[in-house]
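First the structure, in the form of structure tokens, and then the observations on it.
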Amino acid sequence: MDIGVITIILFSSLIIFLIIGVPLTMVLGGTAVIFSLLLWGPSSLNQIVFNTFGTMQNFILVAIPLFIFMGNILEKSGIAKSLYEAMYKWFGAIPGGLAIGTVIVCMIFAAMCGISGAATVSMGLIALPSMLEKRYDKSIAIGCIAAGGALGILIPPSVPFILYGLSSGESIGALFASGLLPGVLLGSLFIGYILIRCLLNKTLAPPLTKEERPNWKERFLSLKNLILPMLLILSVLGSIFKGIATPSEAAAVGALGAIGCAAVSRTLTLHVIKEACYVTLRLSSMLVWIIIGATAFTSLYTALGAIELIKKAMIALPISKYAILFGMQFIIFILGMLLDPGGIILITVPVFVPIIKTLGFDPIWFGSLFMINMEMAYLTPPFGFNLFYMKSIVPKGVTMEHIIKSIVPFVCLQGLCLIIVIIFPDIALWLPRKIFKI
């Protein structure tokens with residue numbers, strides 16, 4: 001059978017199964033098994049097993065449960081609440097200040113744990129009631145939390161960056177470095193938007209009254225809440241960027257550091273550890289099964305020779321390489337509405353990265369673009385994770401329609417950030433070149 005026809009049938013099967021609600025890992029793994037049996041017979045299943053076993057032996061995978069555990073310890077031990085209290089005291093006096101402080105806390109949290117859910121849920125439980133009590137408009141209060149929480153995808157350490165590095169063969173440390181400045185840029189765009197909009201219309205997010213504002217002594221005393229998070233960030237990212245530890249080793253440092261932070265802040269309890277372990281087990285198991293299914297699928301697709309077919313076809317198109325790049329970004333954006341980000345990475349990266357290299361683009365830079373796009377995936381319906389995180393914690397009367405409307409300007413800002421990093425690639429590449437000499 002012609003390879004083009006097989007490709008059409010293969011991806012049509014994926015789409016059909018996903019539409020009818022079959023879990024992603026079952027769709028990927030099941031499709032791989034069925035097509036392998038039909039094309040090559042039962043003996044081909046051995047190769048799926050060998051490839052999966054080889055992937056599971058990759059040491060870098062150890063970092064995933066460790067970073068997830070680190071994030072959950074920080075979430076459940078109240079570190080986020082302490083950070084928010086400091087931001088509340090420093091930024092509450094300006095219009096939109098609580099929303100700005102929330103985004104800053106999300107940026108700090110992103111640099112500590114590498115997952116989106118921890119910051120989104122923590123800030124939703126801590127900051128949202130506070131902002132609504134202070135008469136903040138729902139669109140500002142909900143949107144800043146959902147968008148700020150997604151920064152954990154881009155700002156290192158990032159679990160999706162680990163999956164990208166695993167699929168592309170690129171340096172995890174260099175990928176982490178490539179996400180730092182774009183992450184700061186995106187957080188700054190969020191802050192700038194909130195500040196400008198709230199200065200133009202102060203009723204959207206009124207500042208604290210003079211009676212509510214803390215004095216300067218209280219503000220400076222609140223800075224002690226930043227000490228432990230900053231030490232944790234420096235220990236994790238510093239050990240990677242200085243070449244002292246691999247990402248997996250740095251994840252272990254971070255997990256131990258998170259326990260230490262909770263112990264020092266006197267919030268470390270058996271219940272906190274138990275809950276963190278339970279959530280870590282659940283999320284890690286989900287990711288590992290997606291990796292297994294995606295490995296089986298990409299093994300089949302590679303054996304068919306379809307990756308080379310697509311690469312040659314795209315290169316042969318009479319359009320510029322930037323048109324191909326934007327076409328890839330559009331495909332990733334559409335997939336982000338329908339699939340789990342981990343699945344998108346494991347399905348598309350083995351296909352897209354060889355094409356990117358052939359076109360002369362830097363795969364580290366492309367990884368940064370990929371993660372900005374994945375941030376949009378966390379906010380865009382119908383699959384956006386952060387939409388459902390927010391729905392689970394918003395007060396009664398706030399509908400999914402309110403949540404979706406609140407994230408529209410933030411998704412536009414994510415798109416703007418993507419375009420800026422495409423136009424100015426040094427935003428993503430300066431730090432990796434400086435640290436890792438790529």
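Residues are named by chain letter and number: chains run A, B, ... in the order of the structure tokens, numbers start at 1 in each chain, and ligands are numbered from 1 in the order shown.
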Write out as a PDB file with C-alpha atoms, in the first residue's frame which residues come within 9 Å of range 193-196 of chain A when counting only C-alpha atoms, dropping same-chain ones fewer than 5 positions away.
ATOM      1  CA  ILE A  94      -2.019  50.163  42.621  1.00  0.00           C
ATOM      2  CA  PRO A  95      -4.948  49.451  40.268  1.00  0.00           C
ATOM      3  CA  GLY A  96      -4.820  45.771  39.312  1.00  0.00           C
ATOM      4  CA  GLY A  97      -2.048  45.257  41.861  1.00  0.00           C
ATOM      5  CA  ALA A  99      -3.660  40.551  39.723  1.00  0.00           C
ATOM      6  CA  ILE A 100      -0.116  41.730  38.953  1.00  0.00           C
ATOM      7  CA  ILE A 140      -9.234  40.104  35.329  1.00  0.00           C
ATOM      8  CA  CYS A 144      -4.626  36.346  35.346  1.00  0.00           C
ATOM      9  CA  SER A 188       5.772  40.959  31.539  1.00  0.00           C
ATOM     10  CA  ASN A 201     -10.620  51.672  33.948  1.00  0.00           C
ATOM     11  CA  PRO A 409      -6.873  38.611  25.822  1.00  0.00           C
ATOM     12  CA  PHE A 410      -4.231  36.451  27.512  1.00  0.00           C
ATOM     13  CA  LEU A 413      -0.784  37.995  24.353  1.00  0.00           C
TER      14      LEU A 413
END
(request) Identify, on the basis of only C-alpha atoms, every residue whose closest approach to range 10-27 of chain A does not exceed 7 Å; exclude the query and any residue fewer than 5 positions from it along the same chain; express the result as JSON, numbers by chain. (result) {"A": [289, 290, 293]}
Next, the residues of the selection above should be written as a tab-separated table (two decimals), in the first residue's frame with C-alpha atoms.
chain	number	residue	atom	x	y	z
A	289	TRP	CA	1.39	5.74	29.75
A	290	ILE	CA	1.15	8.57	27.21
A	293	GLY	CA	1.58	4.90	23.63
Interface rows for range 319-349 of chain A against range 383-397 of chain A: nearest pair, Å to one decimal, 8 Å, only C-alpha atoms, as JSON lines:
{"residue": "A:Gly336", "atom": "CA", "partner": "A:Phe383", "partner_atom": "CA", "distance": 7.4}
{"residue": "A:Met337", "atom": "CA", "partner": "A:Phe383", "partner_atom": "CA", "distance": 5.3}
{"residue": "A:Leu338", "atom": "CA", "partner": "A:Phe383", "partner_atom": "CA", "distance": 5.5}
{"residue": "A:Leu339", "atom": "CA", "partner": "A:Phe383", "partner_atom": "CA", "distance": 6.6}
{"residue": "A:Asp340", "atom": "CA", "partner": "A:Phe383", "partner_atom": "CA", "distance": 7.6}
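Considering only C-alpha atoms, the residue among A:Ile356, A:Leu281, A:Ile404, A:Met87 positioned nearest to Ile68 in chain A is A:Leu281.
Near Cys277 in chain A, within 12 Å and counting only C-alpha atoms, sit A:Pro65, A:Leu66, A:Phe67, A:Ile68, A:Phe69, A:Met70, A:Gly71, A:Asn72, A:Ile73, A:Lys76, A:Ala255, A:Leu270, A:His271, A:Val272, A:Ile273, A:Lys274, A:Glu275, A:Val279, A:Thr280, A:Leu281, A:Arg282, A:Leu283, A:Ser284, A:Ser285, not including residues fewer than 2 positions from it in the same chain.
Of the residues under consideration (A:Glu218, A:Glu375, A:Glu85, A:Asp137), A:Glu375 shows the shortest atom-to-atom contact distance to Pro341 in chain A when counting only C-alpha atoms.
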(message) What does the structure give for the distance between CA of Ala147 in chain A and CA of Leu186 in chain A, in Å to one decimal?
(response) 9.8 Å
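The space separating CA of Thr269 in chain A from CA of Leu125 in chain A comes to 19.9 Å.
Nearest to Val421 in chain A of all the residues A:Ser43, A:Ser265, A:Thr380, A:Asn373 is A:Asn373, counting only C-alpha atoms.
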(request) Excluding Leu418 in chain A and residues on its chain fewer than 2 positions from it, collect all residues at most 12 Å away from it, counting only C-alpha atoms, and give them as a PyMOL selection string. (result) chain A and resi 154+179+182-183+185-186+189+325-326+329-330+333+365-376+411-416+420-425+427-428
Include C-alpha atoms and write out the residues we just selected as a CSV table (one decimal), in the first residue's frame.
chain,number,residue,atom,x,y,z
A,154,LEU,CA,7.7,27.7,29.6
A,179,GLY,CA,12.5,29.2,28.0
A,182,PRO,CA,10.6,34.2,26.7
A,183,GLY,CA,8.8,33.2,30.0
A,185,LEU,CA,8.7,38.3,28.4
A,186,LEU,CA,5.3,36.6,28.5
A,189,LEU,CA,3.2,41.2,28.7
A,325,LEU,CA,7.3,27.2,10.3
A,326,PHE,CA,4.0,29.1,10.7
A,329,GLN,CA,2.7,26.4,14.7
A,330,PHE,CA,-0.9,26.5,13.4
A,333,PHE,CA,-2.2,25.3,18.0
A,365,TRP,CA,14.7,27.8,19.4
A,366,PHE,CA,11.9,25.7,18.0
A,367,GLY,CA,11.4,24.1,21.4
A,368,SER,CA,10.9,27.5,22.9
A,369,LEU,CA,8.2,28.3,20.3
A,370,PHE,CA,6.7,24.9,20.9
A,371,MET,CA,6.3,25.6,24.6
A,372,ILE,CA,4.7,29.1,24.0
A,373,ASN,CA,2.2,27.3,21.8
A,374,MET,CA,1.6,24.7,24.5
A,375,GLU,CA,0.8,27.5,26.9
A,376,MET,CA,-2.0,28.5,24.6
A,411,VAL,CA,-4.3,33.9,24.6
A,412,CYS,CA,-3.8,36.9,22.3
A,413,LEU,CA,-0.8,38.0,24.4
A,414,GLN,CA,0.6,34.5,24.1
A,415,GLY,CA,0.3,34.7,20.3
A,416,LEU,CA,2.0,38.0,20.4
A,420,ILE,CA,8.0,38.3,18.9
A,421,VAL,CA,10.3,35.2,19.6
A,422,ILE,CA,10.0,34.1,16.0
A,423,ILE,CA,11.1,37.6,14.8
A,424,PHE,CA,13.8,37.9,17.5
A,425,PRO,CA,15.2,34.4,18.0
A,427,ILE,CA,15.4,36.1,23.0
A,428,ALA,CA,15.3,32.3,23.3
(message) Report, in Å to a single decimal, how far apart CA of Pro156 in chain A and CA of Leu175 in chain A are.
(response) 8.5 Å
So which bits of range 12-182 of chain A end up alpha helix (DSSP H) when you DSSP the backbone, as a short mmCIF file (atom, residue, chain, number, x, y, z; two decimals) with N, CA and C atoms, in the first residue's frame?
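Output contents, as saved in out-v4.cif:
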data_model
loop_
_atom_site.label_atom_id
_atom_site.label_comp_id
_atom_site.auth_asym_id
_atom_site.auth_seq_id
_atom_site.Cartn_x
_atom_site.Cartn_y
_atom_site.Cartn_z
N SER A 12 -6.39 9.54 10.21
CA SER A 12 -7.87 9.56 10.26
C SER A 12 -8.37 8.68 11.40
N SER A 13 -7.72 7.52 11.59
CA SER A 13 -8.09 6.63 12.69
C SER A 13 -7.86 7.32 14.03
N LEU A 14 -6.73 8.02 14.15
CA LEU A 14 -6.45 8.75 15.39
C LEU A 14 -7.56 9.74 15.70
N ILE A 15 -7.92 10.54 14.71
CA ILE A 15 -8.92 11.60 14.91
C ILE A 15 -10.27 11.00 15.27
N ILE A 16 -10.66 9.93 14.59
CA ILE A 16 -11.96 9.31 14.85
C ILE A 16 -12.03 8.77 16.28
N PHE A 17 -10.99 8.05 16.69
CA PHE A 17 -10.98 7.49 18.05
C PHE A 17 -10.99 8.57 19.12
N LEU A 18 -10.25 9.67 18.87
CA LEU A 18 -10.22 10.76 19.84
C LEU A 18 -11.58 11.45 19.93
N ILE A 19 -12.25 11.62 18.80
CA ILE A 19 -13.55 12.27 18.78
C ILE A 19 -14.58 11.47 19.57
N LEU A 24 -6.24 8.99 25.17
CA LEU A 24 -5.14 9.24 24.24
C LEU A 24 -4.14 8.10 24.18
N THR A 25 -3.69 7.61 25.34
CA THR A 25 -2.68 6.56 25.32
C THR A 25 -3.19 5.29 24.65
N MET A 26 -4.50 4.97 24.82
CA MET A 26 -5.09 3.82 24.16
C MET A 26 -5.19 4.02 22.64
N VAL A 27 -5.48 5.26 22.26
CA VAL A 27 -5.55 5.57 20.82
C VAL A 27 -4.18 5.38 20.18
N LEU A 28 -3.14 5.96 20.79
CA LEU A 28 -1.79 5.88 20.22
C LEU A 28 -1.28 4.44 20.21
N GLY A 29 -1.32 3.80 21.38
CA GLY A 29 -0.81 2.43 21.48
C GLY A 29 -1.63 1.44 20.69
N GLY A 30 -2.97 1.57 20.78
CA GLY A 30 -3.84 0.63 20.07
C GLY A 30 -3.71 0.75 18.56
N THR A 31 -3.65 1.98 18.07
CA THR A 31 -3.47 2.18 16.62
C THR A 31 -2.15 1.58 16.15
N ALA A 32 -1.09 1.77 16.93
CA ALA A 32 0.22 1.22 16.58
C ALA A 32 0.18 -0.30 16.52
N VAL A 33 -0.46 -0.91 17.49
CA VAL A 33 -0.54 -2.38 17.53
C VAL A 33 -1.35 -2.92 16.35
N ILE A 34 -2.51 -2.33 16.10
CA ILE A 34 -3.38 -2.81 15.02
C ILE A 34 -2.70 -2.68 13.66
N PHE A 35 -2.11 -1.51 13.39
CA PHE A 35 -1.47 -1.31 12.08
C PHE A 35 -0.22 -2.16 11.93
N SER A 36 0.52 -2.39 13.02
CA SER A 36 1.69 -3.25 12.95
C SER A 36 1.29 -4.69 12.61
N LEU A 37 0.21 -5.16 13.23
CA LEU A 37 -0.28 -6.50 12.95
C LEU A 37 -0.74 -6.64 11.50
N LEU A 38 -1.46 -5.63 11.02
CA LEU A 38 -1.99 -5.69 9.65
C LEU A 38 -0.88 -5.61 8.60
N LEU A 39 0.15 -4.80 8.88
CA LEU A 39 1.20 -4.57 7.89
C LEU A 39 2.31 -5.62 7.92
N TRP A 40 2.69 -6.07 9.13
CA TRP A 40 3.87 -6.94 9.24
C TRP A 40 3.65 -8.23 10.02
N LEU A 45 5.23 -6.96 16.79
CA LEU A 45 4.93 -6.48 18.13
C LEU A 45 6.16 -6.51 19.03
N ASN A 46 7.09 -7.42 18.72
CA ASN A 46 8.34 -7.48 19.51
C ASN A 46 9.09 -6.16 19.43
N GLN A 47 9.09 -5.55 18.25
CA GLN A 47 9.82 -4.30 18.07
C GLN A 47 9.20 -3.17 18.89
N ILE A 48 7.86 -3.17 19.00
CA ILE A 48 7.18 -2.17 19.83
C ILE A 48 7.61 -2.31 21.28
N VAL A 49 7.70 -3.56 21.74
CA VAL A 49 8.11 -3.83 23.13
C VAL A 49 9.55 -3.36 23.35
N PHE A 50 10.45 -3.70 22.41
CA PHE A 50 11.86 -3.31 22.56
C PHE A 50 12.01 -1.79 22.58
N ASN A 51 11.31 -1.10 21.68
CA ASN A 51 11.41 0.37 21.63
C ASN A 51 10.86 1.02 22.90
N THR A 52 9.74 0.47 23.39
CA THR A 52 9.15 1.01 24.62
C THR A 52 10.07 0.79 25.81
N PHE A 53 10.65 -0.42 25.89
CA PHE A 53 11.56 -0.73 26.98
C PHE A 53 12.78 0.19 26.95
N GLY A 54 13.28 0.44 25.74
CA GLY A 54 14.44 1.34 25.61
C GLY A 54 14.12 2.75 26.05
N THR A 55 12.92 3.24 25.70
CA THR A 55 12.50 4.58 26.11
C THR A 55 12.37 4.68 27.63
N MET A 56 11.78 3.66 28.24
CA MET A 56 11.57 3.67 29.68
C MET A 56 12.88 3.60 30.47
N ALA A 63 13.35 12.65 36.17
CA ALA A 63 13.09 14.05 36.55
C ALA A 63 11.60 14.36 36.60
N ILE A 64 10.79 13.65 35.83
CA ILE A 64 9.36 14.00 35.74
C ILE A 64 8.64 13.83 37.08
N PRO A 65 8.65 12.63 37.69
CA PRO A 65 7.96 12.52 39.00
C PRO A 65 8.59 13.39 40.09
N LEU A 66 9.91 13.62 40.00
CA LEU A 66 10.55 14.44 41.03
C LEU A 66 10.11 15.90 40.95
N PHE A 67 10.03 16.45 39.73
CA PHE A 67 9.55 17.84 39.59
C PHE A 67 8.07 17.94 39.97
N ILE A 68 7.27 16.94 39.60
CA ILE A 68 5.85 16.96 39.97
C ILE A 68 5.70 16.90 41.49
N PHE A 69 6.50 16.04 42.15
CA PHE A 69 6.47 15.94 43.60
C PHE A 69 6.88 17.27 44.24
N MET A 70 7.90 17.89 43.68
CA MET A 70 8.38 19.19 44.17
C MET A 70 7.26 20.22 44.12
N GLY A 71 6.55 20.29 42.99
CA GLY A 71 5.47 21.24 42.85
C GLY A 71 4.32 20.99 43.81
N ASN A 72 4.01 19.72 44.04
CA ASN A 72 2.90 19.40 44.92
C ASN A 72 3.23 19.67 46.38
N ILE A 73 4.47 19.42 46.78
CA ILE A 73 4.88 19.77 48.15
C ILE A 73 4.74 21.27 48.37
N LEU A 74 5.20 22.05 47.40
CA LEU A 74 5.12 23.52 47.52
C LEU A 74 3.67 24.00 47.56
N GLU A 75 2.83 23.35 46.74
CA GLU A 75 1.42 23.76 46.71
C GLU A 75 0.73 23.45 48.03
N LYS A 76 0.93 22.25 48.54
CA LYS A 76 0.15 21.79 49.70
C LYS A 76 0.72 22.25 51.03
N ILE A 79 3.44 27.35 50.71
CA ILE A 79 4.48 28.28 50.24
C ILE A 79 3.85 29.34 49.33
N ALA A 80 2.90 28.92 48.50
CA ALA A 80 2.26 29.86 47.57
C ALA A 80 1.50 30.95 48.33
N LYS A 81 0.87 30.56 49.44
CA LYS A 81 0.13 31.54 50.23
C LYS A 81 1.06 32.60 50.80
N SER A 82 2.23 32.18 51.25
CA SER A 82 3.20 33.13 51.79
C SER A 82 3.68 34.09 50.72
N LEU A 83 3.92 33.58 49.51
CA LEU A 83 4.33 34.44 48.41
C LEU A 83 3.25 35.45 48.07
N TYR A 84 2.00 34.98 48.05
CA TYR A 84 0.90 35.88 47.70
C TYR A 84 0.74 36.99 48.73
N GLU A 85 0.94 36.66 49.99
CA GLU A 85 0.83 37.68 51.04
C GLU A 85 1.87 38.79 50.83
N ALA A 86 3.08 38.41 50.41
CA ALA A 86 4.11 39.41 50.15
C ALA A 86 3.71 40.29 48.97
N MET A 87 3.21 39.69 47.88
CA MET A 87 2.80 40.46 46.71
C MET A 87 1.59 41.35 47.03
N TYR A 88 0.71 40.85 47.86
CA TYR A 88 -0.46 41.61 48.29
C TYR A 88 -0.03 42.91 48.96
N LYS A 89 0.98 42.82 49.80
CA LYS A 89 1.42 44.00 50.55
C LYS A 89 2.18 44.99 49.66
N TRP A 90 2.89 44.49 48.66
CA TRP A 90 3.70 45.37 47.82
C TRP A 90 2.92 45.98 46.65
N PHE A 91 1.96 45.24 46.09
CA PHE A 91 1.30 45.71 44.87
C PHE A 91 -0.17 46.07 45.05
N GLY A 97 -3.26 45.71 41.17
CA GLY A 97 -2.05 45.26 41.86
C GLY A 97 -2.11 43.81 42.32
N LEU A 98 -3.29 43.37 42.80
CA LEU A 98 -3.41 41.98 43.25
C LEU A 98 -3.27 41.02 42.08
N ALA A 99 -3.79 41.39 40.92
CA ALA A 99 -3.66 40.55 39.72
C ALA A 99 -2.20 40.52 39.26
N ILE A 100 -1.54 41.67 39.31
CA ILE A 100 -0.12 41.73 38.95
C ILE A 100 0.70 40.86 39.90
N GLY A 101 0.42 40.98 41.19
CA GLY A 101 1.12 40.16 42.18
C GLY A 101 0.88 38.68 41.95
N THR A 102 -0.33 38.33 41.53
CA THR A 102 -0.66 36.92 41.25
C THR A 102 0.19 36.40 40.10
N VAL A 103 0.34 37.19 39.04
CA VAL A 103 1.17 36.76 37.91
C VAL A 103 2.62 36.58 38.35
N ILE A 104 3.13 37.49 39.18
CA ILE A 104 4.51 37.38 39.67
C ILE A 104 4.69 36.11 40.50
N VAL A 105 3.71 35.82 41.37
CA VAL A 105 3.78 34.59 42.17
C VAL A 105 3.78 33.36 41.25
N CYS A 106 2.95 33.41 40.20
CA CYS A 106 2.90 32.29 39.24
C CYS A 106 4.25 32.12 38.55
N MET A 107 4.92 33.22 38.23
CA MET A 107 6.24 33.14 37.61
C MET A 107 7.26 32.50 38.56
N ILE A 108 7.21 32.91 39.84
CA ILE A 108 8.12 32.33 40.84
C ILE A 108 7.81 30.86 41.03
N PHE A 109 6.51 30.54 41.11
CA PHE A 109 6.10 29.15 41.29
C PHE A 109 6.53 28.30 40.10
N ALA A 110 6.42 28.87 38.89
CA ALA A 110 6.84 28.15 37.68
C ALA A 110 8.32 27.80 37.74
N ALA A 111 9.12 28.73 38.29
CA ALA A 111 10.57 28.50 38.39
C ALA A 111 10.92 27.53 39.50
N MET A 112 9.93 27.11 40.29
CA MET A 112 10.20 26.16 41.36
C MET A 112 9.74 24.75 41.04
N CYS A 113 8.72 24.59 40.17
CA CYS A 113 8.13 23.25 40.08
C CYS A 113 7.95 22.68 38.68
N SER A 116 1.97 23.18 35.47
CA SER A 116 1.00 24.26 35.46
C SER A 116 -0.02 24.14 36.57
N GLY A 117 -0.45 22.93 36.86
CA GLY A 117 -1.56 22.72 37.77
C GLY A 117 -1.32 23.25 39.17
N ALA A 118 -0.07 23.12 39.65
CA ALA A 118 0.22 23.53 41.03
C ALA A 118 -0.05 25.02 41.23
N ALA A 119 0.49 25.86 40.34
CA ALA A 119 0.31 27.31 40.48
C ALA A 119 -1.15 27.71 40.24
N THR A 120 -1.79 27.09 39.25
CA THR A 120 -3.17 27.46 38.91
C THR A 120 -4.11 27.16 40.07
N VAL A 121 -4.01 25.95 40.61
CA VAL A 121 -4.90 25.57 41.71
C VAL A 121 -4.60 26.39 42.97
N SER A 122 -3.32 26.54 43.29
CA SER A 122 -2.95 27.29 44.49
C SER A 122 -3.44 28.73 44.43
N MET A 123 -3.17 29.41 43.32
CA MET A 123 -3.59 30.80 43.19
C MET A 123 -5.11 30.92 43.07
N GLY A 124 -5.73 29.92 42.48
CA GLY A 124 -7.19 29.93 42.39
C GLY A 124 -7.83 29.88 43.76
N LEU A 125 -7.24 29.09 44.65
CA LEU A 125 -7.78 28.95 46.00
C LEU A 125 -7.40 30.13 46.91
N ILE A 126 -6.23 30.72 46.66
CA ILE A 126 -5.73 31.78 47.54
C ILE A 126 -6.09 33.18 47.02
N ALA A 127 -5.75 33.44 45.76
CA ALA A 127 -5.86 34.80 45.22
C ALA A 127 -7.26 35.14 44.72
N LEU A 128 -7.96 34.17 44.14
CA LEU A 128 -9.26 34.48 43.55
C LEU A 128 -10.26 35.00 44.58
N PRO A 129 -10.45 34.33 45.73
CA PRO A 129 -11.38 34.90 46.73
C PRO A 129 -10.97 36.30 47.19
N SER A 130 -9.65 36.52 47.31
CA SER A 130 -9.17 37.83 47.75
C SER A 130 -9.50 38.90 46.72
N MET A 131 -9.28 38.61 45.45
CA MET A 131 -9.55 39.60 44.40
C MET A 131 -11.05 39.87 44.26
N LEU A 132 -11.85 38.82 44.32
CA LEU A 132 -13.30 39.03 44.20
C LEU A 132 -13.84 39.81 45.40
N GLU A 133 -13.26 39.57 46.58
CA GLU A 133 -13.66 40.32 47.78
C GLU A 133 -13.32 41.80 47.63
N LYS A 138 -14.42 39.84 37.31
CA LYS A 138 -14.13 38.41 37.14
C LYS A 138 -13.16 38.14 35.98
N SER A 139 -13.26 38.94 34.91
CA SER A 139 -12.40 38.69 33.74
C SER A 139 -10.93 38.88 34.07
N ILE A 140 -10.62 39.86 34.92
CA ILE A 140 -9.23 40.10 35.33
C ILE A 140 -8.79 39.05 36.34
N ALA A 141 -9.63 38.80 37.34
CA ALA A 141 -9.27 37.90 38.44
C ALA A 141 -9.05 36.47 37.94
N ILE A 142 -9.96 35.98 37.11
CA ILE A 142 -9.85 34.59 36.62
C ILE A 142 -8.78 34.49 35.55
N GLY A 143 -8.76 35.45 34.62
CA GLY A 143 -7.82 35.38 33.50
C GLY A 143 -6.37 35.40 33.93
N CYS A 144 -6.03 36.25 34.92
CA CYS A 144 -4.63 36.35 35.35
C CYS A 144 -4.15 35.06 36.01
N ILE A 145 -5.06 34.34 36.71
CA ILE A 145 -4.68 33.09 37.36
C ILE A 145 -4.50 31.98 36.33
N ALA A 146 -5.46 31.84 35.42
CA ALA A 146 -5.37 30.79 34.40
C ALA A 146 -4.15 30.98 33.52
N ALA A 147 -3.91 32.23 33.09
CA ALA A 147 -2.76 32.50 32.21
C ALA A 147 -1.45 32.43 32.98
N GLY A 148 -1.42 32.99 34.19
CA GLY A 148 -0.21 32.94 35.00
C GLY A 148 0.19 31.52 35.34
N GLY A 149 -0.79 30.67 35.64
CA GLY A 149 -0.49 29.28 35.95
C GLY A 149 0.16 28.55 34.80
N VAL A 159 8.38 20.31 32.86
CA VAL A 159 8.20 18.90 32.49
C VAL A 159 7.98 18.75 30.97
N PRO A 160 7.16 19.60 30.32
CA PRO A 160 7.03 19.48 28.86
C PRO A 160 8.36 19.66 28.11
N PHE A 161 9.26 20.52 28.62
CA PHE A 161 10.58 20.65 27.99
C PHE A 161 11.35 19.33 28.09
N ILE A 162 11.17 18.60 29.19
CA ILE A 162 11.84 17.30 29.34
C ILE A 162 11.31 16.34 28.28
N LEU A 163 9.99 16.34 28.06
CA LEU A 163 9.41 15.48 27.03
C LEU A 163 9.90 15.88 25.64
N TYR A 164 10.02 17.19 25.40
CA TYR A 164 10.53 17.67 24.11
C TYR A 164 11.97 17.19 23.90
N GLY A 165 12.80 17.35 24.93
CA GLY A 165 14.19 16.91 24.83
C GLY A 165 14.29 15.41 24.63
N LEU A 166 13.42 14.66 25.30
CA LEU A 166 13.40 13.21 25.15
C LEU A 166 13.06 12.81 23.72
N SER A 167 12.12 13.52 23.11
CA SER A 167 11.67 13.18 21.75
C SER A 167 12.61 13.69 20.67
N SER A 168 13.30 14.81 20.94
CA SER A 168 14.13 15.43 19.91
C SER A 168 15.61 15.10 20.04
N ILE A 172 18.49 19.01 27.53
CA ILE A 172 17.43 19.51 28.42
C ILE A 172 17.87 20.83 29.06
N GLY A 173 19.14 20.92 29.45
CA GLY A 173 19.63 22.16 30.06
C GLY A 173 19.51 23.34 29.12
N ALA A 174 19.88 23.14 27.84
CA ALA A 174 19.78 24.22 26.85
C ALA A 174 18.32 24.60 26.61
N LEU A 175 17.44 23.60 26.60
CA LEU A 175 16.01 23.87 26.43
C LEU A 175 15.47 24.68 27.61
N PHE A 176 15.87 24.29 28.82
CA PHE A 176 15.46 25.06 30.00
C PHE A 176 15.90 26.52 29.87
N ALA A 177 17.16 26.71 29.47
CA ALA A 177 17.69 28.07 29.32
C ALA A 177 16.93 28.86 28.26
N SER A 178 16.50 28.17 27.20
CA SER A 178 15.79 28.85 26.11
C SER A 178 14.41 29.34 26.53
N GLY A 179 13.85 28.75 27.57
CA GLY A 179 12.51 29.15 28.00
C GLY A 179 12.48 30.28 29.01
N LEU A 180 13.62 30.60 29.61
CA LEU A 180 13.64 31.56 30.72
C LEU A 180 13.26 32.98 30.26
N LEU A 181 13.98 33.52 29.28
CA LEU A 181 13.70 34.90 28.84
C LEU A 181 12.33 35.02 28.15
N PRO A 182 11.95 34.09 27.27
CA PRO A 182 10.58 34.17 26.74
C PRO A 182 9.52 34.09 27.83
#
(message) For Ile347 in chain A, find every residue with an atom within 8 Å (counting only C-alpha atoms), except residues of its own chain fewer than 6 positions away, and show them as JSON, numbers by chain.
(response) {"A": [294, 297, 298]}
Closest-contact table, range 204-278 of chain A side, partner range 57-60 of chain A, 12 Å, counting only C-alpha atoms, as JSON lines:
{"residue": "A:Thr246", "atom": "CA", "partner": "A:Ile60", "partner_atom": "CA", "distance": 8.5}
{"residue": "A:Pro247", "atom": "CA", "partner": "A:Ile60", "partner_atom": "CA", "distance": 7.2}
{"residue": "A:Ser248", "atom": "CA", "partner": "A:Ile60", "partner_atom": "CA", "distance": 5.6}
{"residue": "A:Glu249", "atom": "CA", "partner": "A:Ile60", "partner_atom": "CA", "distance": 9.1}
{"residue": "A:Ala250", "atom": "CA", "partner": "A:Ile60", "partner_atom": "CA", "distance": 10.9}
{"residue": "A:Ala251", "atom": "CA", "partner": "A:Ile60", "partner_atom": "CA", "distance": 9.9}
{"residue": "A:Ala252", "atom": "CA", "partner": "A:Ile60", "partner_atom": "CA", "distance": 11.6}
Write the selection just made, keeping C-alpha atoms, as a CSV table (one decimal), in the first residue's frame?
chain,number,residue,atom,x,y,z
A,246,THR,CA,21.9,16.9,35.2
A,247,PRO,CA,18.2,17.8,35.1
A,248,SER,CA,17.4,14.5,36.8
A,249,GLU,CA,19.8,15.2,39.6
A,250,ALA,CA,18.6,18.8,39.9
A,251,ALA,CA,15.1,17.5,40.2
A,252,ALA,CA,16.2,15.4,43.1
(message) So that I can see what lies close to Asn215 in chain A, please list as number ranges by chain the residues with an atom at most 12 Å from it, counting only C-alpha atoms and leaving out residues fewer than 4 positions away in the same chain.
(response) A: 89-90, 92-93, 210-211, 219-222
